[in-house]
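File shown here: model18.tsv, holding TSV, C-alpha atoms and all ligand atoms.
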```
chain	number	residue	atom	x	y	z
A	1	MET	CA	-4.67	-9.95	38.89
A	2	ARG	CA	-4.62	-6.32	37.73
A	3	VAL	CA	-1.85	-5.48	40.21
A	4	GLY	CA	0.20	-8.43	39.03
A	5	PHE	CA	-0.16	-7.24	35.48
A	6	LEU	CA	0.98	-3.72	36.38
A	7	LEU	CA	3.96	-5.01	38.34
A	8	GLN	CA	4.96	-7.17	35.42
A	9	ARG	CA	4.78	-4.16	33.18
A	10	LEU	CA	6.85	-2.00	35.52
A	11	ALA	CA	9.44	-4.76	35.75
A	12	ARG	CA	9.81	-4.63	31.97
A	13	GLY	CA	10.25	-0.85	32.09
A	14	ALA	CA	7.20	-0.43	29.86
A	15	ARG	CA	4.57	2.23	30.35
A	16	PRO	CA	1.13	2.64	28.89
A	17	CYS	CA	0.81	4.34	25.51
A	18	ALA	CA	0.43	8.14	25.88
A	19	LEU	CA	-2.48	8.09	23.48
A	20	CYS	CA	-4.68	5.04	24.01
A	21	GLY	CA	-3.44	4.25	27.52
A	22	ILE	CA	-4.20	0.59	26.83
A	23	ASN	CA	-1.29	-0.97	25.00
A	24	ASP	CA	2.28	-0.85	26.21
A	25	SER	CA	4.58	1.50	24.39
A	26	ALA	CA	7.55	-0.43	23.12
A	27	GLU	CA	10.28	2.06	22.34
A	28	GLY	CA	8.57	5.45	22.38
A	29	PRO	CA	5.67	7.16	24.10
A	30	LEU	CA	3.13	5.54	21.78
A	31	CYS	CA	2.22	1.91	21.20
A	32	PRO	CA	2.92	0.52	17.72
A	33	ASP	CA	-0.79	0.69	16.79
A	34	CYS	CA	-1.18	4.38	17.66
A	35	GLU	CA	2.14	5.22	16.08
A	36	ARG	CA	1.07	3.60	12.81
A	37	ASP	CA	-2.39	5.22	12.89
A	38	PHE	CA	-1.56	8.77	13.97
A	39	VAL	CA	2.12	9.62	13.56
A	40	SER	CA	3.21	7.34	10.76
A	41	PRO	CA	6.37	8.42	8.90
A	42	LEU	CA	4.91	6.66	5.85
A	43	VAL	CA	2.21	9.30	5.24
A	44	PRO	CA	3.24	11.10	2.02
A	45	ARG	CA	3.99	14.76	2.83
A	46	CYS	CA	5.60	17.67	1.01
A	47	ALA	CA	9.33	17.54	1.76
A	48	VAL	CA	9.37	21.32	2.18
A	49	CYS	CA	6.20	22.19	4.13
A	50	ALA	CA	4.98	18.74	5.32
A	51	ILE	CA	1.46	19.22	3.96
A	52	ARG	CA	-0.20	15.88	3.27
A	53	LEU	CA	0.04	14.84	-0.38
A	54	PRO	CA	-1.87	12.27	-2.44
A	55	ALA	CA	0.01	8.98	-2.42
A	56	SER	CA	1.19	9.17	-6.01
A	57	ALA	CA	2.12	12.86	-6.07
A	58	ALA	CA	5.54	14.45	-6.34
A	59	THR	CA	7.52	15.04	-3.17
A	60	VAL	CA	7.05	18.82	-3.17
A	61	CYS	CA	3.61	20.45	-3.18
A	62	GLY	CA	2.49	22.97	-5.79
A	63	ALA	CA	2.49	25.87	-3.34
A	64	CYS	CA	6.13	25.25	-2.39
A	65	LEU	CA	7.11	24.89	-6.05
A	66	ARG	CA	5.42	28.17	-6.99
A	67	HIS	CA	6.55	30.16	-3.94
A	68	PRO	CA	9.46	28.38	-2.26
A	69	PRO	CA	9.50	29.30	1.42
A	70	HIS	CA	12.71	30.33	3.19
A	71	PHE	CA	12.97	27.03	5.06
A	72	ASP	CA	14.37	23.99	3.29
A	73	ALA	CA	12.42	21.15	4.85
A	74	THR	CA	9.75	20.31	7.42
A	75	LEU	CA	9.17	17.13	9.38
A	76	ALA	CA	5.76	16.74	11.04
A	77	LEU	CA	4.70	13.95	13.35
A	78	GLY	CA	1.14	13.95	12.09
A	79	ASP	CA	-1.87	16.03	11.14
A	80	TYR	CA	-3.43	18.61	13.44
A	81	ALA	CA	-6.54	16.45	13.73
A	82	PRO	CA	-7.90	14.07	16.36
A	83	PRO	CA	-6.27	12.68	18.41
A	84	LEU	CA	-3.01	14.62	17.97
A	85	ASP	CA	-4.72	18.03	18.19
A	86	GLY	CA	-6.20	17.09	21.56
A	87	MET	CA	-2.76	16.10	22.83
A	88	VAL	CA	-1.33	19.46	21.72
A	89	VAL	CA	-4.14	21.32	23.48
A	90	ALA	CA	-3.61	19.21	26.62
A	91	LEU	CA	0.04	20.28	26.58
A	92	LYS	CA	-0.57	23.95	25.85
A	93	ALA	CA	-3.75	24.75	27.73
A	94	GLY	CA	-3.80	21.85	30.17
A	95	GLY	CA	-0.15	22.15	31.14
A	96	ARG	CA	0.51	18.43	30.61
A	97	LEU	CA	4.23	18.92	30.23
A	98	ALA	CA	4.96	15.19	30.06
A	99	LEU	CA	3.50	15.33	26.56
A	100	ALA	CA	6.25	17.75	25.51
A	101	ALA	CA	8.83	15.08	26.26
A	102	ASP	CA	6.76	12.51	24.37
A	103	PHE	CA	6.53	14.76	21.32
A	104	GLY	CA	10.23	15.59	21.56
A	105	ALA	CA	11.15	11.92	21.65
A	106	LEU	CA	8.97	11.15	18.63
A	107	LEU	CA	10.35	14.11	16.67
A	108	ALA	CA	13.90	13.04	17.43
A	109	ARG	CA	13.17	9.59	16.04
A	110	ARG	CA	11.60	11.16	12.96
A	111	ALA	CA	14.70	13.33	12.47
A	112	GLN	CA	17.27	10.56	12.84
A	113	ARG	CA	18.23	10.70	9.19
A	114	ILE	CA	18.66	14.44	8.72
A	115	GLU	CA	22.09	16.09	8.62
A	116	ARG	CA	23.02	16.85	12.21
A	117	ALA	CA	26.71	17.71	11.98
A	118	GLY	CA	27.09	21.28	13.25
A	119	ALA	CA	23.32	21.59	13.66
A	120	LEU	CA	21.63	23.77	16.24
A	121	LEU	CA	18.16	23.46	17.71
A	122	ALA	CA	15.92	26.49	18.30
A	123	ALA	CA	12.29	26.86	19.36
A	124	VAL	CA	9.68	29.30	18.11
A	125	PRO	CA	9.37	31.87	20.92
A	126	LEU	CA	6.00	32.73	22.38
A	127	ALA	CA	4.76	36.27	22.72
A	128	PHE	CA	5.96	37.59	26.07
A	129	GLU	CA	2.44	38.02	27.47
A	130	ARG	CA	1.49	34.50	26.40
A	131	GLN	CA	4.54	32.98	28.06
A	132	ALA	CA	3.96	34.97	31.25
A	133	GLU	CA	0.38	33.76	31.33
A	134	ARG	CA	1.18	30.11	30.55
A	135	GLY	CA	4.45	29.89	32.46
A	136	PHE	CA	6.20	27.87	29.77
A	137	ASN	CA	6.80	27.74	26.03
A	138	GLN	CA	5.52	24.41	24.75
A	139	ALA	CA	7.78	24.51	21.68
A	140	LEU	CA	10.84	24.95	23.88
A	141	GLU	CA	9.77	22.07	26.11
A	142	VAL	CA	9.44	19.80	23.06
A	143	ALA	CA	12.82	21.03	21.80
A	144	ARG	CA	14.56	20.15	25.09
A	145	ARG	CA	13.78	16.47	24.73
A	146	ALA	CA	14.44	16.43	20.97
A	147	ALA	CA	17.85	18.03	21.56
A	148	ARG	CA	18.76	15.41	24.12
A	149	ASP	CA	17.71	12.48	21.95
A	150	LEU	CA	19.31	13.89	18.79
A	151	ALA	CA	22.47	15.00	20.60
A	152	VAL	CA	22.11	18.40	18.93
A	153	PRO	CA	22.72	21.52	21.08
A	154	LEU	CA	19.64	23.59	21.94
A	155	ASP	CA	19.95	27.36	22.16
A	156	ALA	CA	16.84	28.44	24.04
A	157	ASP	CA	17.59	32.09	23.29
A	158	ALA	CA	18.51	31.73	19.62
A	159	LEU	CA	15.28	33.39	18.53
A	160	LEU	CA	13.68	36.39	20.15
A	161	ARG	CA	10.26	37.81	19.53
A	162	VAL	CA	10.89	41.54	19.23
A	163	ARG	CA	7.52	42.78	18.24
A	164	HIS	CA	4.10	41.89	19.47
A	165	ALA	CA	2.01	40.37	16.71
A	166	ALA	CA	-1.72	39.78	16.84
A	167	PRO	CA	-2.66	36.11	17.34
A	168	GLN	CA	-2.22	34.45	13.93
A	169	HIS	CA	-5.42	32.41	14.10
A	170	GLU	CA	-7.48	35.59	13.95
A	171	LEU	CA	-6.04	36.59	10.59
A	172	ALA	CA	-6.35	35.68	6.92
A	173	LEU	CA	-3.32	34.34	5.04
A	174	ALA	CA	-2.06	37.62	3.56
A	175	GLU	CA	-2.52	39.33	6.90
A	176	ARG	CA	-0.63	36.54	8.66
A	177	ARG	CA	2.41	37.21	6.49
A	178	ARG	CA	2.35	40.94	7.21
A	179	ASN	CA	1.60	40.33	10.85
A	180	VAL	CA	4.80	38.37	11.55
A	181	ARG	CA	7.14	40.45	9.41
A	182	GLY	CA	9.90	41.88	11.60
A	183	ALA	CA	8.57	39.98	14.61
A	184	PHE	CA	11.72	37.92	15.24
A	185	THR	CA	15.41	38.45	15.61
A	186	VAL	CA	18.31	35.97	15.77
A	187	ARG	CA	20.60	36.06	18.79
A	188	ALA	CA	22.83	33.06	18.09
A	189	ASP	CA	25.74	32.71	15.70
A	190	VAL	CA	24.10	30.58	13.02
A	191	ARG	CA	26.55	31.30	10.21
A	192	GLY	CA	27.02	28.21	8.06
A	193	ARG	CA	24.90	26.09	10.40
A	194	HIS	CA	21.88	23.88	9.91
A	195	VAL	CA	19.17	25.24	12.22
A	196	LEU	CA	16.36	22.95	13.36
A	197	VAL	CA	13.35	25.03	14.38
A	198	VAL	CA	10.84	23.34	16.70
A	199	ASP	CA	7.18	24.34	16.91
A	200	ASP	CA	4.03	22.63	18.12
A	201	VAL	CA	1.60	23.44	15.32
A	202	MET	CA	2.24	24.56	11.75
A	203	THR	CA	-0.78	26.10	10.06
A	204	THR	CA	-0.01	28.34	7.08
A	205	GLY	CA	3.72	28.32	7.80
A	206	SER	CA	3.89	32.14	7.82
A	207	THR	CA	5.60	32.27	11.21
A	208	LEU	CA	8.11	29.55	10.34
A	209	ASP	CA	8.77	31.20	6.98
A	210	GLU	CA	9.53	34.53	8.66
A	211	ILE	CA	11.82	32.81	11.16
A	212	ALA	CA	13.64	30.97	8.36
A	213	ALA	CA	14.04	34.28	6.52
A	214	VAL	CA	15.77	35.94	9.48
A	215	LEU	CA	17.89	32.84	10.09
A	216	LYS	CA	19.05	32.83	6.47
A	217	GLN	CA	19.73	36.56	6.67
A	218	ALA	CA	21.88	35.81	9.72
A	219	GLY	CA	23.85	33.31	7.64
A	220	ALA	CA	22.19	29.95	8.38
A	221	ALA	CA	23.07	27.40	5.71
A	222	ARG	CA	19.90	25.38	6.06
A	223	VAL	CA	16.65	25.53	8.03
A	224	THR	CA	14.56	22.47	8.85
A	225	ASN	CA	11.32	22.73	10.80
A	226	LEU	CA	10.39	20.02	13.29
A	227	VAL	CA	6.69	20.32	14.09
A	228	VAL	CA	4.39	18.17	16.15
A	229	ALA	CA	1.25	18.71	14.10
A	230	ARG	CA	0.56	20.04	10.61
A	231	THR	CA	-2.87	21.35	9.66
A	232	PRO	CA	-4.09	19.02	6.92
B	301	ZN	ZN	-1.73	3.36	21.82
B	302	ZN	ZN	4.85	22.21	0.39
```
How would this structure read if it were set down as structure tokens?
Ligand SMILES: [Zn+2]
Ligand SMILES: [Zn+2]
Amino acid sequence: MRVGFLLQRLARGARPCALCGINDSAEGPLCPDCERDFVSPLVPRCAVCAIRLPASAATVCGACLRHPPHFDATLALGDYAPPLDGMVVALKAGGRLALAADFGALLARRAQRIERAGALLAAVPLAFERQAERGFNQALEVARRAARDLAVPLDADALLRVRHAAPQHELALAERRRNVRGAFTVRADVRGRHVLVVDDVMTTGSTLDEIAAVLKQAGAARVTNLVVARTP
């Protein structure tokens, strides 16, 4: 009975939901229930930094109004909270690279409506030691699939980490800003282009703000962040 059910499912090209593992995923890695519950595009978020907003609030949060960051927009799949946080950790620490493709596919669907003419995809680079230790950059792996689905070229070397910074999670907000200053350089010709910057987790946004600053300095016309999970 169970085997028959699985064969039927394979014949339809369906696979189990990457999150609950129970329902079939229809047209993405997640089943419609999990998609609605955990990565819904209907959750009200700041258009600039993707922080969750109260339902009736304006489209830009107070922090972004007071101190506009260098990036123009951020799209986040969901909050860095269960179960999405566990999936991110499984990708990063557990090496479950299939999840990178799942996240990339979901981000590409989320980004269908953004301006893609002449756009370029980049990924936040890991510190050299971290990458050597882990063997891959999770943001780049997510970006590969997003690039394919969006039909936007990915430049894996567009951003380079030039200076070692202390791990951000050990620092307070003001220190985080100082810590990443001068940490990145741009190695692609981004003049006049819309750059889509992929990262796995956005916490304070200090790293993405610094990256957007160097991209704008290098002539980028617009910077949009595509992040898997946003700290609530
Ligand atoms: Zn599910
Ligand atoms: Zn904001």
Restricting to all atoms listed in the file, whichever of A:Val152, A:Val124, A:Ala117, A:Leu106 is closest to Asn137 (chain A) is A:Val124
Give me, as a tab-separated table, each residue of chain A that comes within 7 Å of ligand ZN 302 (chain B), together with its shortest interatomic pair and the distance in Å at one decimal, counting all atoms listed in the file, with rows ordered by chain and rising residue number.
```
residue	atom	partner	partner_atom	distance
A:Cys46	CA	B:ZN302	ZN	4.6
A:Ala47	CA	B:ZN302	ZN	6.6
A:Val48	CA	B:ZN302	ZN	4.9
A:Cys49	CA	B:ZN302	ZN	4.0
A:Ala50	CA	B:ZN302	ZN	6.0
A:Ile51	CA	B:ZN302	ZN	5.8
A:Val60	CA	B:ZN302	ZN	5.4
A:Cys61	CA	B:ZN302	ZN	4.2
A:Gly62	CA	B:ZN302	ZN	6.7
A:Ala63	CA	B:ZN302	ZN	5.7
A:Cys64	CA	B:ZN302	ZN	4.3
```
Could I get the residues of chain A with an atom no further than 7 Å from an atom of ligand ZN 301 (chain B), each paired with its nearest atom pair and that distance in Å to one decimal, using only C-alpha atoms and all ligand atoms, sorted by chain and residue number, as a tab-separated table?
```
residue	atom	partner	partner_atom	distance
A:Cys17	CA	B:ZN301	ZN	4.6
A:Ala18	CA	B:ZN301	ZN	6.6
A:Leu19	CA	B:ZN301	ZN	5.1
A:Cys20	CA	B:ZN301	ZN	4.0
A:Gly21	CA	B:ZN301	ZN	6.0
A:Ile22	CA	B:ZN301	ZN	6.2
A:Asn23	CA	B:ZN301	ZN	5.4
A:Leu30	CA	B:ZN301	ZN	5.3
A:Cys31	CA	B:ZN301	ZN	4.3
A:Pro32	CA	B:ZN301	ZN	6.8
A:Asp33	CA	B:ZN301	ZN	5.8
A:Cys34	CA	B:ZN301	ZN	4.3
```
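Here the question is which of A:Arg176, A:His194, A:Arg45, A:Arg36 gets nearest to Ala218 (chain A) using all atoms listed in the file, and that residue is A:His194.
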Find the spatial neighbours of Glu141 (chain A), counting only C-alpha atoms, within a cut-off of 8 Å - ignore same-chain residues fewer than 4 positions away - and output them as a PyMOL selection string.
chain A and resi 97+100-101+104+136-137+145
| Neighbour list for Glu175 (chain A) as a ChimeraX atom specification, cut-off 12 Å, only C-alpha atoms, skip fewer than 6 positions in-chain | /A:165-169,181,204,206-207
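Interatomic distance, CA of Ala229 (chain A) against CA of Asp199 (chain A): 8.6 Å.
With all atoms listed in the file as the atoms that count, the minimum distance from Glu133 (chain A) to the choices A:Ala93, A:Ala81, A:Ala119, A:Leu42 is reached by A:Ala93.
Using only C-alpha atoms, the nearest neighbour of Ala220 (chain A) within the list A:Ala139, A:Leu150, A:Ala127, A:Leu120 is A:Leu120.
With distances restricted to all atoms listed in the file, A:Arg116 is the closest residue to Asp149 (chain A) from A:Arg116, A:Arg96, A:Arg230, A:His67.
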Across A:Arg109, A:Lys92, A:Arg148, A:His164, the smallest distance to Arg134 (chain A), with only C-alpha atoms counted, is shown by A:Lys92
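Reported to one decimal place, the separation of CA of Phe184 (chain A) from CA of Gly205 (chain A) is 14.5 Å.
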Students should find that CA of Asp72 (chain A) and CA of Leu215 (chain A) are spaced 11.7 Å
Can you tell me, as AutoDock Vina command-line options, the centre and edge lengths (Å, one decimal) of the axis-aligned box enclosing all of region 65-81 of chain A's listed atoms after padding each side by 4 Å?
```
--center_x 3.9 --center_y 22.1 --center_z 3.4 --size_x 28.9 --size_y 24.4 --size_z 28.7
```
Within 12 Å of Gly78 (chain A) using all atoms listed in the file, minus same-chain residues under 6 positions, as a PyMOL selection string: chain A and resi 34-45+50-52+84-85+87-88+103+106-107+110+200-202+226-232
